[in-house]
Every structure is written in structure tokens, then in C-alpha cells.
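Pasted below: coords09.cif, mmCIF, C-alpha atoms.
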```
data_run
loop_
_atom_site.label_atom_id
_atom_site.label_comp_id
_atom_site.auth_asym_id
_atom_site.auth_seq_id
_atom_site.Cartn_x
_atom_site.Cartn_y
_atom_site.Cartn_z
CA MET B 1276 78.76 113.15 108.94
CA ASP B 1277 75.88 111.12 107.54
CA ARG B 1278 75.42 110.43 103.83
CA ALA B 1279 72.66 112.96 103.19
CA THR B 1280 74.36 115.83 105.03
CA PHE B 1281 77.60 115.20 103.12
CA LEU B 1282 76.02 115.52 99.69
CA LYS B 1283 73.57 118.27 100.64
CA SER B 1284 76.42 120.45 101.88
CA ALA B 1285 78.20 120.21 98.52
CA SER B 1286 75.03 121.08 96.61
CA ALA B 1287 74.26 124.06 98.83
CA VAL B 1288 77.76 125.47 98.49
CA GLY B 1289 77.75 124.92 94.73
CA ALA B 1290 74.41 126.59 94.18
CA ALA B 1291 75.64 129.73 95.92
CA ALA B 1292 79.13 129.80 94.39
CA VAL B 1293 80.33 132.40 91.95
CA VAL B 1294 81.62 130.70 88.80
CA GLY B 1295 85.30 131.33 88.12
CA GLY B 1296 86.15 132.44 91.66
CA LEU B 1297 89.15 130.13 92.13
CA GLY B 1298 92.61 131.21 93.20
CA LEU B 1299 95.75 131.39 91.07
CA SER B 1300 98.59 129.02 90.44
CA SER B 1301 101.56 129.99 92.60
CA PRO B 1302 101.86 130.24 96.39
CA SER B 1303 101.97 134.04 95.91
CA ALA B 1304 98.91 133.93 93.70
CA SER B 1305 97.11 136.79 95.42
CA ALA B 1306 99.53 139.20 93.81
CA ALA B 1307 99.38 137.63 90.36
CA PRO B 1308 97.20 138.82 87.46
CA ALA B 1309 94.13 136.79 86.54
CA PRO B 1310 95.09 133.87 84.27
CA ARG B 1311 93.85 133.79 80.69
CA GLN B 1312 91.75 130.77 79.89
CA PRO B 1313 91.36 129.39 76.36
CA ALA B 1314 87.92 130.15 74.96
CA PRO B 1315 85.26 127.53 75.80
CA ARG B 1316 84.34 125.16 72.99
CA ALA B 1317 80.85 124.31 71.84
CA LEU B 1318 80.08 120.93 73.40
CA ARG B 1319 77.46 118.34 72.50
CA VAL B 1320 76.41 116.64 75.70
CA THR B 1321 74.03 113.69 75.73
CA LYS B 1322 72.79 111.48 78.50
CA LEU B 1323 72.93 108.01 76.94
CA GLY B 1324 71.06 106.40 79.81
CA ASP B 1325 71.14 104.99 83.31
CA LEU B 1326 73.68 102.28 84.05
CA THR B 1327 72.20 101.12 87.35
CA GLY B 1328 68.74 100.79 88.83
CA PRO B 1329 65.64 98.57 88.59
CA GLY B 1330 65.78 96.38 85.50
CA LEU B 1331 69.41 97.32 84.84
CA THR B 1332 71.24 95.87 87.84
CA SER B 1333 68.40 94.05 89.63
CA GLU B 1334 69.83 90.67 88.66
CA TYR B 1335 72.99 91.54 90.60
CA ARG B 1336 70.90 92.58 93.64
CA MET B 1337 72.16 96.16 93.47
CA GLU B 1338 69.43 98.55 92.37
CA ALA B 1339 70.81 101.50 94.38
CA THR B 1340 74.50 102.36 94.02
CA ASP B 1341 76.91 105.13 93.02
CA LEU B 1342 80.37 106.01 91.64
CA GLY B 1343 81.04 103.32 88.99
CA ILE B 1344 84.78 103.97 88.62
CA PRO B 1345 85.82 102.27 85.35
CA ALA B 1346 89.10 100.67 84.33
CA ARG B 1347 90.31 98.39 81.55
CA THR B 1348 91.07 94.94 82.95
CA PRO B 1349 94.22 93.01 81.99
CA ASP B 1350 92.03 90.59 79.99
CA GLY B 1351 90.50 93.46 77.99
CA ARG B 1352 87.10 93.90 79.62
CA LEU B 1353 85.81 96.91 81.54
CA LEU B 1354 85.47 96.80 85.32
CA PHE B 1355 83.28 99.37 87.09
CA VAL B 1356 83.77 99.71 90.85
CA PHE B 1357 80.86 101.08 92.89
CA GLY B 1358 80.51 102.62 96.32
CA ASP B 1359 77.79 102.12 98.92
CA THR B 1360 75.36 99.66 97.33
CA PHE B 1361 71.91 98.43 98.38
CA GLU B 1362 69.66 95.69 97.07
CA GLY B 1363 66.48 97.75 96.65
CA ALA B 1364 65.89 100.99 94.78
CA ARG B 1365 66.74 103.48 97.51
CA VAL B 1366 69.55 104.21 99.94
CA GLY B 1367 69.33 101.80 102.86
CA ALA B 1368 67.08 99.29 101.06
CA GLY B 1369 68.79 96.12 102.28
CA TRP B 1370 72.11 94.29 101.87
CA TRP B 1371 74.59 97.13 102.23
CA ARG B 1372 77.90 96.47 100.46
CA SER B 1373 80.90 98.55 99.38
CA PRO B 1374 82.85 98.31 97.21
CA VAL B 1375 81.25 96.05 94.59
CA ALA B 1376 82.05 95.70 90.90
CA LEU B 1377 80.53 94.75 87.57
CA TRP B 1378 82.20 93.67 84.33
CA SER B 1379 81.25 94.85 80.85
CA ASP B 1380 82.18 93.53 77.41
CA THR B 1381 80.97 96.74 75.75
CA THR B 1382 83.11 97.86 72.83
CA ASP B 1383 80.83 100.52 71.29
CA LEU B 1384 80.40 103.11 74.02
CA SER B 1385 78.02 105.16 71.89
CA ALA B 1386 75.52 102.29 72.10
CA GLY B 1387 75.67 102.42 75.90
CA VAL B 1388 77.49 100.32 78.47
CA THR B 1389 75.85 96.99 79.31
CA TRP B 1390 76.81 94.45 81.95
CA SER B 1391 78.23 90.97 81.45
CA GLY B 1392 78.62 89.84 85.06
CA ALA B 1393 79.25 90.69 88.69
CA VAL B 1394 82.32 90.13 90.81
CA GLY B 1395 81.35 87.39 93.25
CA GLY B 1396 78.87 85.40 91.20
CA GLU B 1397 75.23 85.87 90.28
CA ALA B 1398 74.85 88.65 92.87
CA ALA B 1399 77.48 91.36 93.27
CA GLN B 1400 79.47 90.59 96.40
CA GLN B 1401 81.52 93.01 98.48
CA LEU B 1402 85.07 92.88 97.12
CA TRP B 1403 86.44 91.91 100.54
CA ASP B 1404 84.78 90.92 103.74
CA TYR B 1405 84.12 93.37 106.58
CA GLU B 1406 81.17 94.45 108.72
CA HIS B 1407 79.65 97.88 108.16
CA ASN B 1408 79.24 100.19 111.18
CA ASN B 1409 81.82 98.28 113.19
CA PRO B 1410 83.62 99.98 116.13
CA GLU B 1411 86.43 101.27 113.87
CA PHE B 1412 84.61 102.42 110.75
CA SER B 1413 81.29 102.49 108.92
CA THR B 1414 82.13 101.84 105.29
CA VAL B 1415 84.96 101.57 102.73
CA LEU B 1416 84.70 103.63 99.54
CA PRO B 1417 86.80 103.34 96.37
CA SER B 1418 88.55 106.43 95.05
CA ASP B 1419 90.26 105.05 91.93
CA VAL B 1420 91.33 101.90 90.09
CA ILE B 1421 94.35 101.47 87.83
CA THR B 1422 95.73 98.60 85.74
CA ILE B 1423 99.50 98.12 85.55
CA GLY B 1424 100.51 95.13 83.47
CA GLY B 1425 98.59 92.11 84.73
CA THR B 1426 97.58 93.68 88.06
CA MET B 1427 94.77 96.02 89.04
CA TYR B 1428 95.15 98.31 92.07
CA LEU B 1429 92.26 99.83 93.99
CA HIS B 1430 92.73 102.77 96.34
CA ALA B 1431 90.08 102.82 99.08
CA MET B 1432 89.08 105.22 101.85
CA VAL B 1433 88.05 103.75 105.18
CA ASN B 1434 85.40 106.07 106.66
CA GLN B 1435 83.64 106.63 109.94
CA GLY B 1436 80.72 108.47 108.36
CA LEU B 1437 81.11 110.28 105.05
CA GLY B 1438 83.81 112.94 105.09
CA THR B 1439 85.62 111.43 108.09
CA VAL B 1440 88.43 109.25 106.76
CA VAL B 1441 90.09 106.96 109.30
CA TRP B 1442 92.80 105.72 106.94
CA THR B 1443 93.31 104.83 103.26
CA GLU B 1444 94.67 101.61 101.77
CA VAL B 1445 95.52 99.80 98.55
CA TRP B 1446 94.15 96.46 97.35
CA ARG B 1447 95.29 94.43 94.33
CA SER B 1448 93.79 91.92 91.93
CA ASP B 1449 95.78 89.59 89.68
CA ASP B 1450 92.72 88.08 87.97
CA SER B 1451 91.03 91.08 86.30
CA GLY B 1452 89.06 92.01 89.39
CA ALA B 1453 87.66 88.61 90.38
CA THR B 1454 89.48 88.51 93.75
CA TRP B 1455 91.24 91.18 95.80
CA THR B 1456 94.02 91.03 98.40
CA HIS B 1457 95.36 93.74 100.68
CA THR B 1458 98.82 95.05 99.72
CA GLY B 1459 99.70 95.79 103.34
CA GLN B 1460 99.81 99.51 102.64
CA ARG B 1461 97.78 101.72 104.96
CA TRP B 1462 98.15 105.53 105.03
CA PRO B 1463 97.01 107.88 107.82
CA ALA B 1464 94.14 110.24 107.07
CA ASP B 1465 96.17 113.31 108.08
CA LEU B 1466 98.99 112.63 105.62
CA HIS B 1467 100.01 115.84 103.83
CA GLY B 1468 97.61 117.84 105.91
CA GLY B 1469 94.69 115.63 104.96
CA LEU B 1470 95.24 116.10 101.21
CA PHE B 1471 96.01 112.44 100.51
CA GLN B 1472 92.60 110.90 101.17
CA LEU B 1473 90.67 110.95 97.88
CA LEU B 1474 92.99 110.32 94.93
CA THR B 1475 93.15 109.50 91.26
CA TRP B 1476 95.91 107.64 89.44
CA GLY B 1477 97.22 107.96 85.86
CA LEU B 1478 99.93 105.79 84.31
CA GLY B 1479 102.47 107.75 82.29
CA ASN B 1480 104.72 106.46 79.49
CA ASP B 1481 107.81 107.24 81.57
CA GLY B 1482 107.43 104.49 84.17
CA PHE B 1483 105.68 106.69 86.72
CA VAL B 1484 102.14 106.76 88.05
CA TYR B 1485 100.93 110.31 88.69
CA THR B 1486 98.45 111.03 91.46
CA TYR B 1487 96.23 114.02 92.08
CA SER B 1488 94.71 113.96 95.55
CA THR B 1489 92.65 115.99 97.98
CA GLY B 1490 90.63 115.56 101.17
CA PHE B 1491 87.29 113.81 101.28
CA GLN B 1492 85.38 116.83 102.53
CA ARG B 1493 84.77 118.55 99.18
CA ASP B 1494 86.39 121.77 100.38
CA LYS B 1495 90.10 121.27 99.70
CA PRO B 1496 92.63 121.84 96.86
CA LEU B 1497 94.69 119.38 94.81
CA ILE B 1498 98.24 118.17 95.31
CA LEU B 1499 100.41 116.13 92.92
CA GLN B 1500 102.75 113.20 93.53
CA ARG B 1501 104.40 110.54 91.41
CA VAL B 1502 105.54 107.00 92.13
CA PRO B 1503 107.38 104.36 90.08
CA ALA B 1504 104.72 102.08 88.60
CA ASP B 1505 106.27 98.99 90.14
CA ARG B 1506 106.12 100.56 93.63
CA ILE B 1507 102.58 101.93 93.63
CA ALA B 1508 101.75 100.27 96.94
CA ASP B 1509 104.90 101.60 98.68
CA TYR B 1510 104.28 105.07 100.05
CA THR B 1511 107.98 105.66 100.74
CA ALA B 1512 108.39 105.74 96.95
CA TYR B 1513 105.90 108.58 96.42
CA GLU B 1514 107.54 111.88 95.49
CA PRO B 1515 105.63 115.15 96.00
CA TRP B 1516 105.57 118.10 93.58
CA GLY B 1517 106.08 121.37 95.42
CA TYR B 1518 107.06 125.03 95.24
CA ARG B 1519 110.11 126.17 97.20
CA ASP B 1520 112.63 129.00 96.76
CA GLY B 1521 110.83 130.20 93.65
CA VAL B 1522 110.93 126.82 91.89
CA TRP B 1523 108.50 123.94 91.38
CA ALA B 1524 110.32 120.61 91.72
CA TRP B 1525 109.88 116.96 92.64
CA GLY B 1526 110.86 116.17 96.20
CA ASN B 1527 109.74 119.49 97.67
CA PRO B 1528 106.94 119.35 100.24
CA PRO B 1529 103.65 119.22 98.32
CA THR B 1530 102.12 122.55 97.34
CA PRO B 1531 98.53 122.80 96.08
CA ILE B 1532 98.54 122.79 92.28
CA LEU B 1533 94.95 124.01 91.99
CA GLU B 1534 92.74 125.68 94.57
CA GLY B 1535 89.07 124.83 94.82
CA ALA B 1536 86.55 122.54 96.47
CA PHE B 1537 87.28 119.16 94.91
CA GLY B 1538 85.11 116.06 94.98
CA GLU B 1539 85.58 112.86 92.96
CA LEU B 1540 88.62 112.91 90.65
CA CYS B 1541 89.66 111.15 87.44
CA LEU B 1542 93.12 111.73 85.88
CA ARG B 1543 93.99 109.83 82.70
CA PRO B 1544 96.49 110.01 79.81
CA LEU B 1545 94.49 110.25 76.58
CA ASP B 1546 95.34 110.92 72.93
CA GLY B 1547 98.81 112.27 73.69
CA LYS B 1548 97.51 114.62 76.38
CA TRP B 1549 96.31 114.24 79.97
CA ILE B 1550 92.77 114.93 81.12
CA LEU B 1551 91.36 115.56 84.56
CA THR B 1552 87.62 115.34 85.15
CA TRP B 1553 86.15 116.05 88.57
CA PHE B 1554 83.14 117.01 90.59
CA ASN B 1555 83.62 120.72 91.26
CA ALA B 1556 81.74 120.89 94.54
CA GLY B 1557 82.35 124.61 94.99
CA ASP B 1558 80.62 125.48 91.72
CA TYR B 1559 78.24 122.46 91.62
CA ARG B 1560 79.25 120.97 88.28
CA ILE B 1561 81.55 118.47 86.55
CA ASP B 1562 84.59 120.13 84.97
CA ALA B 1563 87.49 118.98 82.80
CA ILE B 1564 91.03 120.18 82.19
CA VAL B 1565 93.13 119.06 79.20
CA MET B 1566 96.87 119.45 79.77
CA ASP B 1567 100.18 118.40 78.28
CA TYR B 1568 101.57 116.84 81.47
CA PRO B 1569 100.39 116.34 85.06
CA THR B 1570 102.89 119.08 86.04
CA SER B 1571 101.35 121.60 83.63
CA ASN B 1572 100.00 124.89 84.97
CA LEU B 1573 96.36 123.96 85.58
CA TYR B 1574 95.33 127.61 85.71
CA THR B 1575 96.24 128.21 82.06
CA ALA B 1576 95.43 124.75 80.63
CA HIS B 1577 92.20 124.30 78.67
CA ARG B 1578 89.37 124.05 81.19
CA GLN B 1579 85.67 123.60 80.54
CA THR B 1580 82.47 122.65 82.33
CA LEU B 1581 81.01 119.41 80.97
CA ILE B 1582 77.79 119.03 82.99
CA TRP B 1583 76.13 121.60 85.23
CA GLY B 1584 74.35 120.96 88.48
CA GLY B 1585 70.60 121.43 88.23
CA GLU B 1586 67.34 121.26 90.13
CA TRP B 1587 64.92 118.37 90.48
CA GLY B 1588 62.10 118.68 87.97
CA ASN B 1589 64.17 120.95 85.73
CA GLU B 1590 66.87 118.69 84.26
CA ASP B 1591 68.18 118.15 80.75
CA ASP B 1592 71.27 116.60 79.15
CA THR B 1593 73.52 119.38 80.44
CA HIS B 1594 71.89 120.05 83.84
CA VAL B 1595 71.67 117.24 86.39
CA ALA B 1596 70.28 117.54 89.91
CA GLN B 1597 72.59 116.52 92.77
CA LEU B 1598 75.28 115.17 90.48
CA TYR B 1599 78.76 114.00 91.43
CA GLY B 1600 81.47 111.63 90.17
CA GLY B 1601 82.37 112.07 86.52
CA TYR B 1602 84.78 109.23 85.66
CA LEU B 1603 86.24 108.70 82.19
CA ILE B 1604 85.19 105.39 80.63
CA PRO B 1605 88.01 103.57 78.76
CA GLY B 1606 87.43 103.74 75.01
CA SER B 1607 86.83 107.49 75.18
CA THR B 1608 88.76 110.00 73.10
CA LEU B 1609 89.31 113.68 73.81
CA SER B 1610 86.81 114.54 71.11
CA ASP B 1611 84.30 111.90 72.24
CA LEU B 1612 84.27 111.45 76.01
CA HIS B 1613 82.08 109.02 77.91
CA LEU B 1614 81.58 109.56 81.63
CA SER B 1615 80.00 107.65 84.49
CA VAL B 1616 78.12 110.24 86.55
CA SER B 1617 76.35 109.70 89.88
CA GLN B 1618 73.11 111.23 91.13
CA TRP B 1619 71.51 111.03 94.56
CA ASN B 1620 68.30 112.69 95.67
CA THR B 1621 69.15 113.08 99.35
CA ALA B 1622 65.62 114.14 100.28
CA GLU B 1623 64.00 110.97 98.93
CA ASP B 1624 67.03 108.61 98.81
CA TRP B 1625 66.05 107.80 95.23
CA PRO B 1626 67.30 108.24 92.56
CA TYR B 1627 70.64 106.97 93.76
CA ARG B 1628 72.28 105.74 90.58
CA VAL B 1629 75.03 105.86 87.99
CA MET B 1630 74.43 107.25 84.50
CA GLN B 1631 76.40 107.42 81.25
CA PHE B 1632 76.99 110.76 79.54
CA ARG B 1633 78.64 111.45 76.20
CA VAL B 1634 80.53 114.71 75.63
CA ARG B 1635 81.70 115.62 72.13
CA GLY B 1636 83.80 118.58 71.07
CA LEU B 1637 86.07 119.15 74.09
CA TRP B 1638 89.27 118.72 72.05
CA PRO B 1639 90.86 119.58 69.68
#
```

What does this structure look like when you write it as C-alpha cells?
Amino acid sequence: MDRATFLKSASAVGAAAVVGGLGLSSPSASAAPAPRQPAPRALRVTKLGDLTGPGLTSEYRMEATDLGIPARTPDGRLLFVFGDTFEGARVGAGWWRSPVALWSDTTDLSAGVTWSGAVGGEAAQQLWDYEHNNPEFSTVLPSDVITIGGTMYLHAMVNQGLGTVVWTEVWRSDDSGATWTHTGQRWPADLHGGLFQLLTWGLGNDGFVYTYSTGFQRDKPLILQRVPADRIADYTAYEPWGYRDGVWAWGNPPTPILEGAFGELCLRPLDGKWILTWFNAGDYRIDAIVMDYPTSNLYTAHRQTLIWGGEWGNEDDTHVAQLYGGYLIPGSTLSDLHLSVSQWNTAEDWPYRVMQFRVRGLWP
């Protein structure tokens, strides 16, 4: 599938979706009563500005890019990892790279994220060398980044056209993102029925990393696994969370923990809770769930829409045309979230950019 068809299909489905039409929490959910959701809270949502584009990332030769997955580096900076990136201000406008990354020394998120440098030198270089549109695959896209001690890990999807994952893999950096080496771990695209392609990682205080994952087609549910933090690149150490014989338990075959049509994911521990933000492709919006633990019942946890999908020419702070992404920027709190949100006009191939949004009032 080409880039434009992939994103257009998500927007078309979302525009026609009925809000709140998701399934229920157990494998026998069709017989269960509708779950009760906590009442929505009054949110204050503000677009603080664009993070990429002409005049913002021109010096790094990357005016057109997306995703911007942020993580705190071991040396205390912010690292944002981007997907398909082009030199000029439209998709396909020269020097195609993915993934690339920028550092930021920003400490006051409310003033807006600014850039302090690019991985690779004056111009943002691809994090590792490969040729796009080679016989095996077309591009490599990041799905999440996590810092564990002095090491950063990047999970990447190797694609032959968007939505067709060939395999996934893990890279590591021991110098705050300056250089990356392959861990040797490569996972097949059909693992767990294709539900371990696009993932997000969160480091718990119990020595485990928790992963929510789905397919990269924006039409699949979520599954949950955990792995000891010191074995994150060893798939034999991953333990699924599943429902069997009337009980949810670790080690059972993975069972979907939330039905829906999931796009980009971001799971993080925050302020004594856990938060998941994601592109809800089925309903064309960015949603959030606040929970006690990654194993919490996601159907009854506090859930709220943060930013709605909109139409070109009719946007505001809470309605964004052809949006996706929605990653939590480190330094956020539950009551004052900052998100990196992508936007791509697939008809014109511009805008194709990353923006910063601030959301206040989600919790408590």
C-alpha cells in the first residue's frame, strides 16, 4: 500500500465511524453489559505550534517529516525520532531518510519545544544505513523509543509499502542517540497473528517493561506483554497476558485487551498512574486512557478524546485535519500533557509535519 492510500483509508473509516462503538473487555464480551465510563472532564487543548517545517527544521535538511517519538536521553536531553523524512516541504521532495532524530534541550514545555541539534551532524542523517525501495523493503519506520539506564532502545518496523510489515527489529544506542547498533533481534511480521508489529514500551518500577502492540494496518486490537528490562531485546523473555479458563494471567496466549482500530501508540508511567495515548483510526481522533496498571481493565479505566479529527479549512485547537501520532513528551504531567501530533494532507503532500499540543485537565 502506498503512503497516501494508507492514511486516506484511516481518515475515511474514522469519518464514518460511530463514536463509542467498541467491543467489551472479555473474550465473551458480546454477552456482557455495556461498561460504565467515568464522566469526561473539561479539557483545555492548545496547539502550541509546529515543530517541523520550513524555518523550523530547514537547517537540518528535513522540512517534511512525521511522528516525532520523544524520549528522555540518558544524558538528560530529549530525543525525537521521526519517520519518513524529506529535504523539501512536501512528501517526496528529495533526500528520503527514515528514521532520523533531533535533540532538544527544552525544559519548559509550555514555551514550546525547540531543537539543539541533529543526529548525524549539521544535517539529520538516517540513523543507520540502508537503501530505500530495495528488493526486500521500501522503508524502516520507528514505533517507539525507551531509555533503560544508560541505553536507549528503538523498535522499528521494516515495511514493503505502508501497512505491509516484513519484519520488526530492535536497535540500541549507548551514547544518548548519537549512534545506533542492531541488537540482533528480528521478529516475524505474523507473530501473534500480526499483533506484534506496531508497539509501545513503558518501563515499570518492578523491573519489567510493558508493551502494548497491534498490527500496522490501523484495523486491529491491542495485546499486552511484559519483559524483564534487562532482556528487552530477547523475544524469548517476553511473556503474554491472556485469558484462559476464566482467568487473565501472564503466560497464557495473548488475548486482545482492547478492541478497536489502533494506529500509533504511546504507553508511559506517569504521576503514579499509567497513560496510553493513541491514534484511534476507527473514530478518527487521538484518545487517552489513564489506568492504575498496564493490566487494568481498559474498558472501565478513565478514557477521553484529546484531539478530534477535522476537515481542511475548518480546523481549530481541538480539531485537526488528517491527524495521527499523539506521543507523550517527557516533562508532561497527567494534568498538563504535551503531545507530538502528526498531520499529512495526502491530496497535496503538504502539510506533512509534526506539531506540539498541550492538554490540561485530563487528571485528576

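Note that the spacing between CA of Val1366 (chain B) and CA of Asp1624 (chain B) amounts to 5.2 Å.
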
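The smallest atom-to-atom distance between Tyr1513 (chain B) and any of B:Thr1530, B:Gln1460, B:Thr1486, B:Asn1480, using only C-alpha atoms, is found for B:Thr1486.
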
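You can rank B:Gly1526, B:Gly1351, B:Gly1459, B:Gly1392 by their closest distance to Ser1333 (chain B) using all atoms listed in the file, and at the top of that list sits B:Gly1392.
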
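Remark: for Gln1597 (chain B), the closest of the candidate residues B:Gly1363, B:Gly1517, B:Gly1395, B:Gly1585 is B:Gly1585 (distances computed over only C-alpha atoms).
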
TODO: Please measure the separation of CA of Ser1610 (chain B) and CA of His1577 (chain B), giving the value in Å to one decimal.
DONE: 13.5 Å

TODO: Give me the residues within 12 Å of Trp1516 (chain B) as a PyMOL selection string, counting all atoms listed in the file and dropping any in the same chain fewer than 3 places off.
DONE: chain B and resi 1467+1485-1488+1497-1502+1513+1519+1522-1532+1569-1571

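In this structure, CA of Trp1553 (chain B) sits 28.0 Å away from CA of Thr1456 (chain B).
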
Task: Close residues, His1457 (chain B) itself excluded, 10 Å, only C-alpha atoms, min 2 positions apart in chain, as a PyMOL selection string - done: chain B and resi 1403+1428-1429+1444-1448+1455+1459-1461+1508

Task: Selection: 6 Å around Thr1443 (chain B), all atoms listed in the file, excl. self and same-chain fewer than 4 positions, as a PyMOL selection string - done: chain B and resi 1431-1433+1461-1462

Based on the selection just made, write C-alpha atoms of those residues as a compact mmCIF listing (two decimals), in the coordinates of the input.
```txt
# COMPACT_ATOMS: atom_id res chain seq x y z
CA ALA B 1431 90.08 102.82 99.08
CA MET B 1432 89.08 105.22 101.85
CA VAL B 1433 88.05 103.75 105.18
CA ARG B 1461 97.78 101.72 104.96
CA TRP B 1462 98.15 105.53 105.03
```

TODO: For the structure provided, state which residues fall under the PyMOL selection byres ((chain B and resi 1338) around 7), and present them as an NGL selection string.
DONE: :B and (1327-1329 or 1332-1333 or 1336-1337 or 1339-1340 or 1361-1364)

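Taking all atoms listed in the file into account, the residues near (77.4, 120.4, 91.8), no farther than 7 Å, are B:Ala1285, B:Ser1286, B:Gly1289, B:Phe1554, B:Asn1555, B:Ala1556, B:Asp1558, B:Tyr1559, B:Arg1560, B:Ile1561, B:Trp1583, B:Gly1584, B:Gln1597, B:Leu1598, B:Tyr1599.
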
Open item on the list: What's around Met1566 (chain B) at 7 Å? Count only C-alpha atoms, leave out sequence neighbours fewer than 2 positions away in its own chain, and write the answer as a list in words.
Closed with: Lys1548, Trp1549, Ile1550, Ile1564, Tyr1568, Ser1571, Ala1576 and His1577 of chain B

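For the file at hand, the PyMOL selection byres ((chain B and resi 1377) around 10) resolves to Thr1332, Tyr1335, Gly1343, Pro1345, Leu1353, Leu1354, Phe1355, Val1356, Phe1357, Val1375, Ala1376, Trp1378, Ser1379, Thr1389, Trp1390, Ser1391, Gly1392, Ala1393, Val1394, Gly1395, Ala1398, Ala1399, Gln1400, Gly1452 and Ala1453 of chain B.
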
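For the set B:Val1616, B:Ala1368, B:Val1565, B:Leu1342, the residue with the smallest atom-to-atom gap to Pro1417 (chain B) is B:Leu1342, counting all atoms listed in the file.
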
Open item on the list: Under the rule that only C-alpha atoms are counted, which of B:Gly1396, B:Gly1369, B:Gly1600, B:Gly1479 is the nearest residue to Leu1540 (chain B)?
Closed with: B:Gly1600

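Residue nearest Asp1567 (chain B) within the list B:Thr1475, B:Asp1546, B:Gly1606, B:Gln1401: B:Asp1546 [criterion: smallest interatomic distance, only C-alpha atoms].
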
Non-local contacts of Arg1635 (chain B) (9 Å; all atoms listed in the file; under 5 positions in same chain excluded) as a compact mmCIF listing (two decimals) with C-alpha atoms, in the coordinates of the input:
```
# COMPACT_ATOMS: atom_id res chain seq x y z
CA ALA B 1317 80.85 124.31 71.84
CA LEU B 1318 80.08 120.93 73.40
CA ARG B 1319 77.46 118.34 72.50
CA VAL B 1320 76.41 116.64 75.70
CA THR B 1321 74.03 113.69 75.73
CA LEU B 1609 89.31 113.68 73.81
CA SER B 1610 86.81 114.54 71.11
CA ASP B 1611 84.30 111.90 72.24
CA LEU B 1612 84.27 111.45 76.01
CA HIS B 1613 82.08 109.02 77.91
```
